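Working notes, structure below.
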Amino acid sequence: MTQKTGLPSVVIVGRPNVGKSTLFNVLLGSRRAIVGDEPGITRDRIHGEAEHRGRRFELIDTGGMIPHEEDIIPSEIFRQAQTALDRAAHIIFVVDGRAEIAGTDREIALLLRRTNRPVAVAVNKIDAEVRHSLLPGFYELGFEHVFAVSAEHRLGLDSLLDHVMAGIGASAETALPAAAETIKVAIIGRPNVGKSTLLNTLTGTARSIVTPIAGTTRDAVDESVTRAGIEYVFVDTAGIRRKGKTRLMAEKLSVVMASRHIRLANVVLLVLDATEGVVALDATIAGYAHEEGRPFIVCLNKWDAVEKRDKRSFLEAVRDGLKFADYAPVAFLSAQTGAGVEQLYGLIQAGWRSANGRVSTAELNRFLRSLETERDLKIRYLTQASVRPPTFVLFKDSAKPLHFSVERYIANQIRKRFGFQGTPIVIKSRYKGGGKRTGRLSAAQ
């Protein structure tokens with residue numbers, strides 16, 4: 001897999017619960033990875049772009065490594081970490097300074113020596129001068145460069161990064177040419193509907209850990225693909241559960257962060273399990289994208305596993321279950337086999353174009369004269385106020401609130417005349433005298 005930015009990669013590794021994700025977030029300057037007391041919270045490898053003394057580098061956080069572990073999730077975490085190590089310009093090996101060297105630490109050290117990559121040992125949780133006396137014991141791991149740090153208290157990090165960046169040639173910092181346009185795409189849905197498999201298929205990599213175990217993905221995992229000058233940044237989010245079903249702290253945080261990534265996305269892929277049909281939670285999750293005003297595509301995954309493949313019936317079921325989002329296109333696909341996945345690129349582009357679409361005031365008012373509305377409703381003026389989502393403001397004579405059915409009708413006609421497929425539309429109204437009514441996101445097609 002090629003580097004997304006062309007920047008040198010610094011990879012953080014270590015056994016579970018030594019503070020890798022805390023260090024990652026501090027070096028990145030933002031809360032990118034989920035942090036908690038539960039071991040094994042980070043599973044996939046997480047990327048970010050960091051800077052130290054004016055030099056930029058790619059920072060990669062990996063899941064807690066347990067060599068020779070046969071259980072499916074720990075073994076996949078180990079595989080993901082090895083993939084990151086293969087591209088590392090420098091490795092930060094994090095160990096717990098408050099504990100003795102564990103057998104797992106020694107196994108990881110042996111693995112790292114075999115990579116022939118430069119390694120800096122970060123002895124974490126050294127937050128008092130008295131603890132510096134423990135540092136010499138960690139030279140037993142066999143590495144020359146050992147640093148006392150406290151990620152939580154931001155101690156010792158400058159010395160660590162000075163050493164790491166000194167070992168990376170300045171010539172490695174040349175970035176690849178930027179794509180002409182970037183579209184950020186969030187992949188959302190219930191647990192175990194195939195989101196991670198879809199990310200892997202879209203990007204042509206084993207980027208996300210995929211297992212039959214619901215809730216495998218916790219952090220949001222991203223990967224980019226450039227096609228025809230457009231960079232698509234796909235973000236695989238954790239499966240969103242009902243609040244009552246979310247018990248572990250890591251799962252609660254992952255749901256919060258998944259919602260955050262919807263807000264940050266340009267386009268959303270809502271993944272449904274075609275073998276189960278549309279369930280109530282699917283509609284709830286779709287509502288998150290709709291309320292945020294994001295264009296989204298309904299991806300009916302596992303279509304190849306459906307016995308009676310009647311697309312018309314399935315489409316009716318989707319429209320019935322997601323009545324508020326009948327503007328969203330529906331794609332029948334199989335992330336596992338790749339069937340139907342290619343069409344998503346065109347649909348993503350179309351949704352993004354619609355969300356950014358503008359119509360001149362002159363065109364809108366010519367269109368307005370063709371509308372048939374209630375006799376007592378006189379719309380004087382119609383203009384587009386903003387994009388993402390397309391927002392229209394109409395001026396009327398009456399102070400009477402605009403009925404939802406009228407909003408729906410107007411949005412319906414706007415789509416019919418000007419397009420805006422795949423994106424919500426906001427209708428706002430004002431009346432003579434300065435009053436204002438904030439419009440709702442319209443689902444009309």
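Identifiers for the structure tokens are assigned positionally: chains receive A, B, ... in sequence, residues are indexed from 1 per chain, and ligands are indexed from 1 in the order shown.
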| message | I want to know what sits within 8 Å of Asp397 in chain A, based on only C-alpha atoms, with residues of the same chain fewer than 3 positions away left out; could you give that as a ChimeraX atom specification? | response | /A:377-380,431-432
Inset, instruction - For Lys184 in chain A, please output as a count of residues only all residues within 6 Å (counting only C-alpha atoms; exclusion window: fewer than 6 positions along the same chain). - result: 4
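Among A:Thr62, A:Gln82, A:Thr22, A:Thr203, the residue with the shortest atom-to-atom distance to Asn124 in chain A, counting only C-alpha atoms, is A:Thr22.
Take CA of Val193 in chain A and CA of Gly422 in chain A: the distance between them is 21.7 Å.
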Can you pull out every residue within 10 Å of Val164 in chain A, counting only C-alpha atoms, but drop anything in the same chain fewer than 5 positions away, and send it as a ChimeraX atom specification? /A:10,52,89-92,118-120,145,158-159
Kindly save the residues from that selection, with N, CA and C atoms included, as a CSV table (one decimal), in the first residue's frame.
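Printed below is out_35.csv as written:
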```csv
chain,number,residue,atom,x,y,z
A,10,VAL,N,6.0,7.3,11.0
A,10,VAL,CA,6.4,7.0,12.3
A,10,VAL,C,5.4,6.1,13.0
A,52,HIS,N,6.6,18.3,13.9
A,52,HIS,CA,7.6,18.6,15.0
A,52,HIS,C,8.6,19.5,14.5
A,89,ALA,N,9.4,4.5,8.7
A,89,ALA,CA,10.7,5.2,8.6
A,89,ALA,C,11.4,5.1,10.0
A,90,HIS,N,10.5,5.1,11.0
A,90,HIS,CA,11.0,5.0,12.4
A,90,HIS,C,9.9,4.4,13.2
A,91,ILE,N,10.3,3.7,14.3
A,91,ILE,CA,9.4,3.0,15.1
A,91,ILE,C,9.5,3.5,16.6
A,92,ILE,N,8.4,3.8,17.2
A,92,ILE,CA,8.4,4.2,18.6
A,92,ILE,C,7.8,3.0,19.4
A,118,PRO,N,14.9,1.7,12.4
A,118,PRO,CA,15.4,2.4,13.6
A,118,PRO,C,14.2,2.4,14.7
A,119,VAL,N,14.6,2.1,15.9
A,119,VAL,CA,13.6,2.0,17.0
A,119,VAL,C,14.0,2.9,18.2
A,120,ALA,N,13.0,3.6,18.7
A,120,ALA,CA,13.2,4.4,19.9
A,120,ALA,C,12.2,3.8,20.9
A,145,HIS,N,18.5,3.5,22.1
A,145,HIS,CA,17.8,4.8,22.4
A,145,HIS,C,16.6,4.6,23.2
A,158,ASP,N,9.5,16.1,23.5
A,158,ASP,CA,10.4,16.8,22.6
A,158,ASP,C,11.7,16.0,22.3
A,159,SER,N,12.3,15.5,23.4
A,159,SER,CA,13.5,14.7,23.2
A,159,SER,C,13.3,13.5,22.4
```
Which residues are close to Thr337 in chain A, i.e. within 12 Å by only C-alpha atoms, leaving aside same-chain residues fewer than 2 positions away? Reply as a JSON list (two decimals) with C-alpha atoms, in the first residue's frame.
```json
[["chain", "number", "residue", "atom", "x", "y", "z"],
["A", 194, "GLY", "CA", -20.12, -5.32, 6.28],
["A", 197, "THR", "CA", -15.36, -5.31, 4.22],
["A", 198, "LEU", "CA", -16.75, -2.52, 2.05],
["A", 200, "ASN", "CA", -11.35, -2.94, 2.12],
["A", 201, "THR", "CA", -13.04, -3.57, -1.23],
["A", 202, "LEU", "CA", -13.31, 0.12, -2.13],
["A", 204, "GLY", "CA", -8.26, -2.58, -2.56],
["A", 301, "ASN", "CA", -24.89, -5.19, 1.17],
["A", 302, "LYS", "CA", -24.81, -9.01, 1.01],
["A", 303, "TRP", "CA", -27.18, -8.89, -1.96],
["A", 304, "ASP", "CA", -25.56, -12.07, -3.27],
["A", 305, "ALA", "CA", -26.77, -13.93, -0.16],
["A", 333, "LEU", "CA", -23.95, -4.78, -3.88],
["A", 334, "SER", "CA", -21.76, -7.41, -2.28],
["A", 335, "ALA", "CA", -18.73, -6.02, -0.45],
["A", 339, "ALA", "CA", -20.21, -6.96, -7.16],
["A", 340, "GLY", "CA", -21.87, -3.55, -7.51],
["A", 341, "VAL", "CA", -19.19, -1.71, -5.51],
["A", 342, "GLU", "CA", -17.77, 0.19, -8.50]]
```
Note to self: Residues within 10 Å of Met165 in chain A, please, as a PyMOL selection string. Count only C-alpha atoms; anything in the same chain fewer than 4 positions from it doesn't count.
What the structure shows: chain A and resi 8+10+51-53+55-57+89-90+160-161+169-170
Residue subset to file, keeping C-alpha atoms, as a CSV table (one decimal), in the first residue's frame:
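Written output follows (out18.csv):
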```
chain,number,residue,atom,x,y,z
A,8,PRO,CA,7.7,9.5,6.3
A,10,VAL,CA,6.4,7.0,12.3
A,51,GLU,CA,4.4,18.0,12.9
A,52,HIS,CA,7.6,18.6,15.0
A,53,ARG,CA,9.7,21.7,14.8
A,55,ARG,CA,8.8,19.0,9.9
A,56,ARG,CA,5.7,17.0,9.0
A,57,PHE,CA,5.3,13.2,9.3
A,89,ALA,CA,10.7,5.2,8.6
A,90,HIS,CA,11.0,5.0,12.4
A,160,LEU,CA,11.9,11.7,21.8
A,161,LEU,CA,10.7,13.4,18.6
A,169,GLY,CA,16.2,12.1,6.0
A,170,ALA,CA,14.7,15.4,5.0
```
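For Val149 in chain A, the set of protein, DNA and RNA residues having any atom at most 7 Å away, when counting only C-alpha atoms and skipping those fewer than 2 positions along the same chain, is Ala122, Val123, Asn124, Lys125, Ile126, Phe147, Ala151, Leu155, Gly156 and Leu157 of chain A.
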Selection export as a compact mmCIF listing (two decimals), in the first residue's frame, atoms kept: C-alpha atoms:
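The resulting again_4.txt:
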```txt
# COMPACT_ATOMS: atom_id res chain seq x y z
CA ALA A 122 9.43 5.24 24.90
CA VAL A 123 9.21 4.24 28.57
CA ASN A 124 5.78 5.70 29.31
CA LYS A 125 4.16 6.81 32.58
CA ILE A 126 7.44 8.28 33.93
CA PHE A 147 13.49 7.79 26.49
CA ALA A 151 2.14 10.89 27.35
CA LEU A 155 6.75 15.07 29.48
CA GLY A 156 9.86 14.04 27.54
CA LEU A 157 8.14 14.16 24.15
```
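With distances restricted to only C-alpha atoms, A:Asn17 is the closest residue to Arg98 in chain A from A:Asn17, A:Thr226, A:Ser9, A:Ser429.
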Quick one: residues within 10 Å of Leu394 in chain A, only C-alpha atoms counted, chain neighbours fewer than 2 positions away excluded, as number ranges by chain?
A: 365, 368, 379-385, 392, 396, 427-431
Which of range 99-175 of chain A fall in helix (DSSP H, G or I), as number ranges by chain: A: 103-115, 129-141, 157-166, 170-173
One residue among A:Arg358, A:Gly277, A:Val387, A:Gly142 is nearest to Leu322 in chain A when using only C-alpha atoms, and that residue is A:Gly277
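What separates CA of Leu85 in chain A from CA of Asp162 in chain A is a distance of 20.4 Å.
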